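Remarks on the structure that follows.
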Amino acid sequence: MKFIYLLLFTMVFFGDLISQEFMVDVKVQAPSVQTNDRQIFSDLETALRNFINQQAWTQISYEESEKIKGSMVFTITNYDPNSANMSGNLQLQFARPVYMSDYQSPTILIQDGDLTFNYRSNTVLEFNIGRHSSNLTSIVSFYCYVALGLDASSFSSKQSNYFSQAQVIAANAASAGAGGGWDRFKNNLNRHWIIEDIMNPANSDFMSIWYDYHRLGIDKLFDPTQQMAAKELMSSTLKRLKLIHDKQPNSFLLRWFFDTKSNEIRQVYSGGPNYQSEELIKDLQTMDPSNSSNYSNMGR
């Protein structure tokens with residue numbers, strides 16, 4: 001259970017009681033970079049792992065089983081030792097625990113192909129949500145707040161403020177001219193658009209769908225007597241995404257949703273009590289044509 005620490009006294013004098021929220025594995029690799037200073041990448045990996053896992057991002061205490069698990073793989077393709085500038089891409093995934101199960105349900109699986117930042121060994125990674133000072137910490141913090149928002153919204157139907165914090169980070173970075181990954185005009189599949197789509201009132205039903213899919217669907221599959229009802233609920237929930245698709249067929253929101261969830265959806269409907277829905281399969285293939293083959297034999 002997650003307990004909210006409201007008293008400043010508690011936060012100041014008993015801060016060690018507020019456990020960290022993440023259990024994220026970080027890897028930094030640079031196979032194509034020619035440099036004698038390979039230690040820089042090990043230092044960056046350690047600094048990022050500590051930055052993510054050893055600070056309190058919220059005022060909520062997470063039990064060990066509640067921590068958000070995930071991974072971030074930074075692939076550096078360019079590095080200038082003189083300026084300490086690096087660029088490359090980031091492959092990241094986060095997951096949330098499923099009730100009465102060892103299974104971790106993925107909440108986001110995405111590759112950020114516009115990674116640019118500056119880093120020198122022994123640099124202390126610091127972050128202030130009120131201003132953009134480092135592209136590295138802004139990028140990582142942005143995704144941490146998105147992950148926190150997706151996690152919280154999968155357990156509670158109440159509005160999460162973590163998305164608003166991610167939106168502030170994105171706006172500050174864009175105002176500072178921090179690069180294409182924050183620019184609404186340079187690319188329609190970047191950090192700006194993932195938070196824009198989540199926060200867009202036109203997609204307000206998405207968070208309700210997200211909650212129902214996880215809390216009333218995935219979390220009920222542990223009980224054989226509830227599995228058919230859970231599948232039916234998940235089916236009706238997934239069909240509701242069609243309304244978003246019909247308004248915005250190229251929505252980044254749906255792109256990362258299905259990139260994250262397509263394998264899980266196939267697995268849910270390929271095991272347990274037999275549930276067949278030609279209408280569901282048709283809708284999934286319409287919304288997610290790149291994973292169309294995943295859905296062809298669901299429930300058969």
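Residue numbering restarts at 1 for every chain of the structure tokens, chains are lettered A, B, ... in their displayed order, and ligands are numbered from 1 as they appear.
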Would you mind listing what lies within 12 Å of A:Thr46 as a list of chain:residue names, with only C-alpha atoms counted and same-chain residues fewer than 2 positions away left out?
->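 Once the nearby chain positions are removed, what remains is A:Val24, A:Asp25, A:Val26, A:Lys27, A:Val28, A:Gln39, A:Ile40, A:Phe41, A:Ser42, A:Asp43, A:Leu44, A:Leu48, A:Arg49, A:Asn50, A:Phe51, A:Ile52, A:Asn53, A:Gln54, A:Ser121, A:Asn122, A:Thr123, A:Val124, A:Leu125.
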Using DSSP on the backbone coordinates, identify all residues within stretch 18-262 of chain A classified as strand (DSSP E); present the result as a ChimeraX atom specification.
-> /A:22-29,60-61,68-80,85-97,104-118
Can you tell me, as a count of residues only, what residues are no more than 8 Å from A:Leu90 when counting only C-alpha atoms, ignoring any on the same chain fewer than 2 positions away?
-> 10
Using DSSP on the backbone coordinates, identify all residues within stretch 21-266 of chain A classified as helix (DSSP H, G or I); present the result as a ChimeraX atom specification.
-> /A:39-53,64-66,135-155,162-175,180-182,191-199,201-203,205-215,218-220,224-247,252-266
Give me, as an mmCIF file with C-alpha atoms, in the first residue's frame, all polymer residues having an atom no more than 7 Å from stretch 103-107 of chain A, counting only C-alpha atoms and skipping those fewer than 3 positions away in the same chain.
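Listing of part24.cif after writing:
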```
data_model
loop_
_atom_site.group_PDB
_atom_site.id
_atom_site.type_symbol
_atom_site.label_atom_id
_atom_site.label_comp_id
_atom_site.auth_asym_id
_atom_site.auth_seq_id
_atom_site.Cartn_x
_atom_site.Cartn_y
_atom_site.Cartn_z
ATOM 1 C CA PHE A 94 8.585 0.287 -17.744
ATOM 2 C CA ALA A 95 6.127 -2.161 -16.198
ATOM 3 C CA ARG A 96 3.753 -2.400 -13.276
ATOM 4 C CA PRO A 97 3.100 -5.409 -11.038
ATOM 5 C CA VAL A 98 -0.067 -7.428 -11.625
ATOM 6 C CA LEU A 150 0.986 5.620 -16.205
ATOM 7 C CA THR A 260 3.748 -1.666 -25.704
ATOM 8 C CA LYS A 261 0.662 -3.858 -25.413
#
```
Which residues are close to stretch 284-295 of chain A, i.e. within 12 Å by only C-alpha atoms, leaving aside same-chain residues fewer than 4 positions away? Reply as a compact mmCIF listing (two decimals) with C-alpha atoms, in the first residue's frame.
```txt
# COMPACT_ATOMS: atom_id res chain seq x y z
CA SER A 235 -12.38 -6.46 -25.15
CA SER A 236 -14.95 -3.71 -24.64
CA THR A 237 -12.19 -1.46 -23.27
CA LEU A 238 -9.93 -1.98 -26.29
CA LYS A 239 -12.82 -1.29 -28.65
CA ARG A 240 -13.23 2.12 -27.00
CA LEU A 241 -9.78 3.04 -28.34
CA LYS A 242 -11.37 2.99 -31.80
CA LEU A 243 -13.05 6.31 -30.99
CA ILE A 244 -9.63 7.89 -30.48
CA HIS A 245 -8.32 6.23 -33.61
CA ASP A 246 -11.22 7.50 -35.71
CA LYS A 247 -10.47 11.09 -34.63
CA GLN A 248 -6.65 10.80 -34.79
CA PRO A 249 -5.59 7.73 -36.81
CA ASN A 250 -1.93 8.75 -36.58
CA SER A 251 -1.99 9.49 -32.86
CA PHE A 252 1.34 8.84 -31.14
CA LEU A 253 -0.74 7.83 -28.12
CA LEU A 254 -2.09 4.77 -29.90
CA ARG A 255 1.25 4.05 -31.58
CA TRP A 256 3.10 3.60 -28.29
CA PHE A 257 0.10 1.92 -26.65
CA PHE A 258 0.05 -0.88 -29.19
CA ASP A 259 3.84 -1.11 -29.46
CA THR A 260 3.75 -1.67 -25.70
CA LYS A 261 0.66 -3.86 -25.41
CA SER A 262 0.25 -5.90 -28.61
CA ASN A 263 2.12 -8.97 -27.33
CA GLU A 264 0.29 -8.84 -24.01
CA ILE A 265 -3.10 -8.60 -25.74
CA ARG A 266 -2.29 -11.60 -27.92
CA GLN A 267 -1.16 -13.63 -24.90
CA VAL A 268 -4.29 -12.78 -22.89
CA TYR A 269 -6.62 -13.98 -25.64
CA SER A 270 -4.50 -17.00 -26.59
CA GLN A 276 -13.54 -15.29 -29.71
CA SER A 277 -14.30 -11.86 -31.06
CA GLU A 278 -14.00 -11.21 -34.77
CA GLU A 279 -15.04 -7.62 -34.14
CA LEU A 280 -12.20 -7.11 -31.63
CA GLY A 299 -8.97 -16.93 -29.23
CA ARG A 300 -8.75 -19.78 -31.72
```
Between atom CA of A:Pro273 and atom CA of A:Lys231, what is the spacing in Å?
->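 Between these atoms lies a distance of 8.9 Å.
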Please provide as a PyMOL selection string all residues within 7 Å of stretch 187-202 of chain A, with the sequence filter that same-chain residues fewer than 4 positions apart are discarded (counting only C-alpha atoms).
-> chain A and resi 167+170+181-183+252-253
Check the smallest atom-to-atom distance from each of A:Ile169, A:Asp102, A:Arg184, A:Gly272 to A:Thr225 using only C-alpha atoms, then report the winner.
->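 Closest to A:Thr225, using only C-alpha atoms: A:Gly272.
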Best match for closeness to A:Glu21 among A:Asn36, A:Ser101, A:Gln55, A:Gln93, counting only C-alpha atoms =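 Among A:Asn36, A:Ser101, A:Gln55, A:Gln93, it is A:Gln55 that comes nearest to A:Glu21.
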Which residues, written as a VMD selection string, have at least one atom at most 8 Å from stretch 153-157 of chain A, with only C-alpha atoms counted and residues fewer than 3 positions away on the same chain left out?
-> chain A and resid 149 to 150 160 207 to 208 210 to 215
Atomic separation - atom CA of A:Ser71 relative to atom CA of A:Asn118, Å =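 Atom-to-atom, atom CA of A:Asn118 to atom CA of A:Ser71, that is 21.1 Å.
Across the structure, atom CA of A:Met228 and atom CA of A:Tyr275 are spaced 7.3 Å apart.
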